[in-house]
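Asks: For reference, the structure I am asking about is given below.
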There are 2 protein chains.
Amino acid sequence: MESIASENFIKTLYHFHHVQGKDTKPGSIARELGITSSAATDMARKLSLKKLIQYEKYKALKLTPSGEKMALNILRKHRLWETFLHQVLGLSMHEIHREAELLEHQTSDFLAEKISLYLGNPEKDPHGDPIPNAKGWVNNDDGSIPLAMAHVNHHYFISRLSGSDKEFFDFCHSSHLIIGSLIRVNKHYTINQMIEIEVNNTRLILNKVFAQMIHVKREKE
Amino acid sequence: MESIASENFIKTLYHFHHVQGKDTKPGSIARELGITSSAATDMARKLSLKKLIQYEKYKALKLTPSGEKMALNILRKHRLWETFLHQVLGLSMHEIHREAELLEHQTSDFLAEKISLYLGNPEKDPHGDPIPNAKGWVNNDDGSIPLAMAHVNHHYFISRLSGSDKEFFDFCHSSHLIIGSLIRVNKHYTINQMIEIEVNNTRLILNKVFAQMIHVKREKE
DNA sequence: AAACAAATTTAAGTATACTTAAAATAAAAA
DNA sequence: TTTTTATTTTAAGTATACTTAAATTTGTTT
Ligand SMILES: [Mn+2]
Ligand SMILES: [Mn+2]
Ligand SMILES: [Mn+2]
Ligand SMILES: [Mn+2]
């Protein structure tokens, strides 16, 4: 069994690699986890001895197959908890991540199965992120793109809301931007990188930060 | 925020003092938690600096008021989780303690309230143990006694089953010994400390270990 | 290509939570 | 009461997960 610190490190590395496609060195993980670079380097060397990551000085970190398996196991628990807390206990979108971030480390595979079963083996969490299955398989590429990349005059539906703070979700909720909402892209403002969309017959102007957090998918399929 | 090790220590001390009425020195806690006496002495001194326990060399340990408050906060989370895991997710009696023992340390007061609310603010957990309320109040003395202490020819109902292993609960279940079951005490065997009871028109002979784990209450009230 | 800036690594040190082994003390037995 | 036994404490040491500060390496700019 790995420590909470190790699990968070591995999960963050997975996230940077698979979701953001970043070239991840210890410094990025350190920034994300709120620790110093030296602590992250230390941890990288330790996890490398356990064959969970590949580590070469000054090079980007990479998960080994067993490290990736571990990351997916934790991610599964994280997303199952988020789904459960939201659907069953009624926690809000901005509350679930915070709680799941802790619970994910104290959840046996046995308990994870019980939660999954109770929820009917869901495939997406409340943010629209895919839940890895018990064998550690997940499809990360569902064809959605950040709203910031969407084309003018095309229609999309919202597939993911990848934020964790209250303000973002308050804004989304009050603007009818929820998963499944249909939108149309009106215009990109190149100078300040804002984007104008139409949702529910209302025009809305979003800044780039939010337009990166909202992911959309073409209407087809 | 206290560490998992501190929380388990405090909770164990509370348990020994309030439930078993023991004169608790570091050694007992060490035995319970599977650590060495020296580790427990260390921890006792550290918690004493934080004013969570009273510690004097070679004397029994005692929780301070703030230590007791902390113990009750963790105990509340433990028992809420047990109730939730049993009632909602359908985990068996022998599975809930194991999982709750971990989850209790990663549960915010906020989440505990949500769980409590969802369950209808229960007052007892599946073992029949009282759940401290959000303010940290609990009634530990519900008038129940270990079956081993019960009087011959009296009728009782089962109020608590304080075990955590599968064999005990399998036995209880197959013998119709569940919380609320009505029983009658037939005889005490002084020589081997067995006890004979009648439940569901069946005579049953229990050894002392089980008779200590099963708590009963007089029919009245 | 050299100089500068930024990031990473190493070195040294801290707090927590343990361990084993020895010393001190308390409790029980003779 | 003395001796023996059991328990508790102290001492010394380990692993984890961090810290700050200095050294090294890399990336960028001139
Ligand atoms: Mn986490
Ligand atoms: Mn999520
Ligand atoms: Mn615990
Ligand atoms: Mn219980």
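If you're wondering about the labels, chains in the structure tokens are A, B, ... by order shown, residues count from 1 in each chain, ligands from 1 in order shown.
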Which chains and residue numbers are within 10 Å of ligand 4, counting only C-alpha atoms (C1' of nucleotides) and all ligand atoms, if I want them as a list in words?
Replies: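 Using only C-alpha atoms (C1' of nucleotides) and all ligand atoms, everything at most 10 Å from ligand 4 comes to Leu75, Arg76, His78, Arg79, Leu80, Trp81, Glu82, Thr83, Met93, Ile96, His97, Ala100, Glu101, Lys124, Asp125, Pro126, His127, Gly128, Asp129, Pro130, Ile131, Arg160, Leu161, Ser162, Gly163 and Ser164 of chain B.
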Asks: Please build the interface table for chain A against chain C with a cut-off of 12 Å, listing for each qualifying residue the nearest atom pair and the distance in Å to one decimal; count only C-alpha atoms (C1' of nucleotides), order rows by chain and increasing number, and write it as a tab-separated table.
Replies:
residue	atom	partner	partner_atom	distance
A:Lys25	CA	C:DT8	C1'	8.7
A:Pro26	CA	C:DT8	C1'	8.1
A:Gly27	CA	C:DA7	C1'	7.7
A:Ser28	CA	C:DA7	C1'	10.4
A:Ala30	CA	C:DT8	C1'	11.8
A:Thr36	CA	C:DT8	C1'	11.2
A:Ser37	CA	C:DT8	C1'	7.7
A:Ser38	CA	C:DT9	C1'	7.3
A:Ala39	CA	C:DT9	C1'	10.5
A:Ala40	CA	C:DT8	C1'	10.3
A:Thr41	CA	C:DT9	C1'	7.5
A:Asp42	CA	C:DT9	C1'	9.3
A:Ala44	CA	C:DT9	C1'	11.6
A:Arg45	CA	C:DT9	C1'	11.1
A:Glu56	CA	C:DT9	C1'	11.3
A:Lys57	CA	C:DT9	C1'	7.9
A:Tyr58	CA	C:DT8	C1'	6.3
A:Lys59	CA	C:DT8	C1'	9.6
A:Ala60	CA	C:DT8	C1'	11.2
Asks: Restricted to N, CA and C atoms, what would the selected residues look like written as a compact mmCIF listing (two decimals), in the first residue's frame?
Replies:
# COMPACT_ATOMS: atom_id res chain seq x y z
N LYS A 25 7.90 17.76 -15.25
CA LYS A 25 9.07 17.60 -14.40
C LYS A 25 8.64 17.81 -12.94
N PRO A 26 9.48 17.43 -12.01
CA PRO A 26 9.07 17.52 -10.60
C PRO A 26 8.50 18.88 -10.22
N GLY A 27 9.04 19.95 -10.78
CA GLY A 27 8.57 21.29 -10.44
C GLY A 27 7.08 21.50 -10.64
N SER A 28 6.53 20.99 -11.74
CA SER A 28 5.10 21.19 -12.01
C SER A 28 4.25 20.49 -10.96
N ALA A 30 5.21 19.74 -7.98
CA ALA A 30 5.41 20.47 -6.73
C ALA A 30 4.45 21.65 -6.64
N THR A 36 7.66 21.83 -2.21
CA THR A 36 8.81 22.40 -2.90
C THR A 36 9.31 21.44 -3.99
N SER A 37 10.05 21.99 -4.92
CA SER A 37 10.61 21.18 -6.00
C SER A 37 11.49 20.07 -5.45
N SER A 38 12.25 20.39 -4.41
CA SER A 38 13.16 19.38 -3.88
C SER A 38 12.38 18.21 -3.29
N ALA A 39 11.26 18.51 -2.67
CA ALA A 39 10.43 17.42 -2.14
C ALA A 39 9.92 16.55 -3.28
N ALA A 40 9.55 17.20 -4.37
CA ALA A 40 9.03 16.45 -5.51
C ALA A 40 10.14 15.61 -6.16
N THR A 41 11.33 16.15 -6.24
CA THR A 41 12.46 15.37 -6.79
C THR A 41 12.71 14.14 -5.93
N ASP A 42 12.75 14.37 -4.63
CA ASP A 42 12.89 13.27 -3.67
C ASP A 42 11.85 12.17 -3.93
N ALA A 44 10.07 11.64 -6.56
CA ALA A 44 10.26 11.03 -7.88
C ALA A 44 11.31 9.91 -7.80
N ARG A 45 12.40 10.19 -7.11
CA ARG A 45 13.44 9.17 -6.98
C ARG A 45 12.93 7.95 -6.21
N GLU A 56 14.74 10.16 -14.84
CA GLU A 56 16.13 10.47 -15.19
C GLU A 56 16.34 11.94 -14.92
N LYS A 57 17.43 12.25 -14.28
CA LYS A 57 17.73 13.64 -13.91
C LYS A 57 17.46 14.61 -15.06
N TYR A 58 16.75 15.64 -14.74
CA TYR A 58 16.47 16.75 -15.68
C TYR A 58 15.53 16.39 -16.83
N LYS A 59 15.10 15.12 -16.85
CA LYS A 59 14.17 14.72 -17.91
C LYS A 59 12.73 14.73 -17.40
N ALA A 60 11.80 14.65 -18.31
CA ALA A 60 10.39 14.60 -17.94
C ALA A 60 10.08 13.26 -17.24
Asks: Using only C-alpha atoms (C1' of nucleotides) and a distance of at most 9 Å, pull out the residues of chain D that contact chain A, as JSON, numbers by chain.
Replies: {"D": [16, 17, 18, 19, 25, 26]}
Asks: Check the DSSP output for the backbone and give back, as a CSV table (one decimal) with N, CA and C atoms, in the first residue's frame, the residues of stretch 88-206 of chain B in helix (DSSP H, G or I).
Replies:
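New file out_22.csv:
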chain,number,residue,atom,x,y,z
B,93,MET,N,-22.1,-6.6,8.6
B,93,MET,CA,-21.7,-6.2,9.9
B,93,MET,C,-20.2,-6.3,10.1
B,94,HIS,N,-19.6,-7.4,9.5
B,94,HIS,CA,-18.2,-7.6,9.8
B,94,HIS,C,-17.3,-6.7,8.9
B,95,GLU,N,-17.9,-6.1,7.9
B,95,GLU,CA,-17.2,-5.3,6.9
B,95,GLU,C,-17.1,-3.8,7.3
B,96,ILE,N,-18.1,-3.4,8.0
B,96,ILE,CA,-18.3,-1.9,8.1
B,96,ILE,C,-17.2,-1.3,9.0
B,97,HIS,N,-16.8,-2.0,10.1
B,97,HIS,CA,-15.8,-1.4,11.0
B,97,HIS,C,-14.5,-1.2,10.3
B,98,ARG,N,-14.1,-2.1,9.6
B,98,ARG,CA,-12.8,-2.1,8.8
B,98,ARG,C,-12.8,-0.8,7.9
B,99,GLU,N,-13.8,-0.6,7.2
B,99,GLU,CA,-13.8,0.6,6.3
B,99,GLU,C,-14.0,1.9,7.0
B,100,ALA,N,-14.9,1.9,8.1
B,100,ALA,CA,-15.1,3.1,8.8
B,100,ALA,C,-13.8,3.5,9.6
B,101,GLU,N,-13.0,2.6,9.9
B,101,GLU,CA,-11.8,2.8,10.7
B,101,GLU,C,-10.8,3.7,9.8
B,102,LEU,N,-10.9,3.6,8.5
B,102,LEU,CA,-10.1,4.5,7.6
B,102,LEU,C,-10.8,5.8,7.3
B,103,LEU,N,-12.1,5.6,6.9
B,103,LEU,CA,-12.9,6.8,6.4
B,103,LEU,C,-13.0,7.9,7.5
B,104,GLU,N,-13.1,7.5,8.8
B,104,GLU,CA,-13.3,8.4,9.9
B,104,GLU,C,-12.3,9.5,9.9
B,105,HIS,N,-11.1,9.2,9.4
B,105,HIS,CA,-10.0,10.3,9.5
B,105,HIS,C,-10.0,11.2,8.3
B,106,GLN,N,-10.8,11.0,7.3
B,106,GLN,CA,-10.8,11.8,6.1
B,106,GLN,C,-12.2,12.4,5.9
B,109,ASP,N,-16.3,17.8,9.1
B,109,ASP,CA,-17.6,17.9,9.8
B,109,ASP,C,-18.7,18.2,8.9
B,110,PHE,N,-18.4,18.9,7.8
B,110,PHE,CA,-19.4,19.2,6.8
B,110,PHE,C,-20.0,17.9,6.2
B,111,LEU,N,-19.1,17.0,5.8
B,111,LEU,CA,-19.6,15.8,5.2
B,111,LEU,C,-20.3,14.9,6.2
B,112,ALA,N,-19.8,14.9,7.4
B,112,ALA,CA,-20.5,14.1,8.5
B,112,ALA,C,-21.9,14.6,8.6
B,113,GLU,N,-22.1,15.9,8.6
B,113,GLU,CA,-23.5,16.4,8.7
B,113,GLU,C,-24.4,15.9,7.6
B,114,LYS,N,-23.8,15.9,6.4
B,114,LYS,CA,-24.6,15.4,5.2
B,114,LYS,C,-25.0,14.0,5.3
B,115,ILE,N,-24.0,13.2,5.8
B,115,ILE,CA,-24.3,11.7,6.0
B,115,ILE,C,-25.4,11.6,7.1
B,116,SER,N,-25.2,12.3,8.2
B,116,SER,CA,-26.2,12.2,9.3
B,116,SER,C,-27.6,12.6,8.8
B,117,LEU,N,-27.7,13.7,8.0
B,117,LEU,CA,-28.9,14.2,7.5
B,117,LEU,C,-29.6,13.1,6.6
B,118,TYR,N,-28.8,12.6,5.7
B,118,TYR,CA,-29.3,11.6,4.8
B,118,TYR,C,-29.9,10.4,5.5
B,119,LEU,N,-29.3,10.0,6.6
B,119,LEU,CA,-29.7,8.8,7.4
B,119,LEU,C,-30.9,9.2,8.3
B,147,LEU,N,-24.3,-9.8,28.3
B,147,LEU,CA,-25.2,-11.0,28.5
B,147,LEU,C,-24.6,-11.9,29.6
B,148,ALA,N,-23.3,-11.9,29.7
B,148,ALA,CA,-22.6,-12.7,30.7
B,148,ALA,C,-23.0,-12.3,32.2
B,149,MET,N,-23.5,-11.0,32.3
B,149,MET,CA,-23.9,-10.5,33.6
B,149,MET,C,-25.4,-10.7,33.9
B,166,LYS,N,-16.1,-11.7,11.3
B,166,LYS,CA,-17.2,-12.4,10.5
B,166,LYS,C,-17.8,-13.5,11.3
B,167,GLU,N,-16.9,-14.3,12.0
B,167,GLU,CA,-17.4,-15.5,12.7
B,167,GLU,C,-18.5,-15.2,13.7
B,168,PHE,N,-18.2,-14.1,14.5
B,168,PHE,CA,-19.1,-13.7,15.5
B,168,PHE,C,-20.5,-13.3,14.9
B,169,PHE,N,-20.5,-12.5,13.8
B,169,PHE,CA,-21.7,-12.1,13.2
B,169,PHE,C,-22.4,-13.2,12.5
B,170,ASP,N,-21.6,-14.1,11.9
B,170,ASP,CA,-22.2,-15.3,11.3
B,170,ASP,C,-23.0,-16.1,12.3
B,171,PHE,N,-22.3,-16.3,13.5
B,171,PHE,CA,-23.0,-17.0,14.6
B,171,PHE,C,-24.2,-16.3,15.0
B,172,CYS,N,-24.1,-15.0,15.3
B,172,CYS,CA,-25.3,-14.3,15.7
B,172,CYS,C,-26.5,-14.4,14.7
B,173,HIS,N,-26.1,-14.2,13.5
B,173,HIS,CA,-27.2,-14.2,12.5
B,173,HIS,C,-27.8,-15.6,12.4
B,174,SER,N,-27.0,-16.6,12.4
B,174,SER,CA,-27.6,-18.0,12.2
B,174,SER,C,-28.4,-18.4,13.5
Asks: Measuring between only C-alpha atoms, which one of A:Ala134, A:Ile183, A:Leu91, A:Ile191 shows the shortest distance to chain B?
Replies: A:Leu91
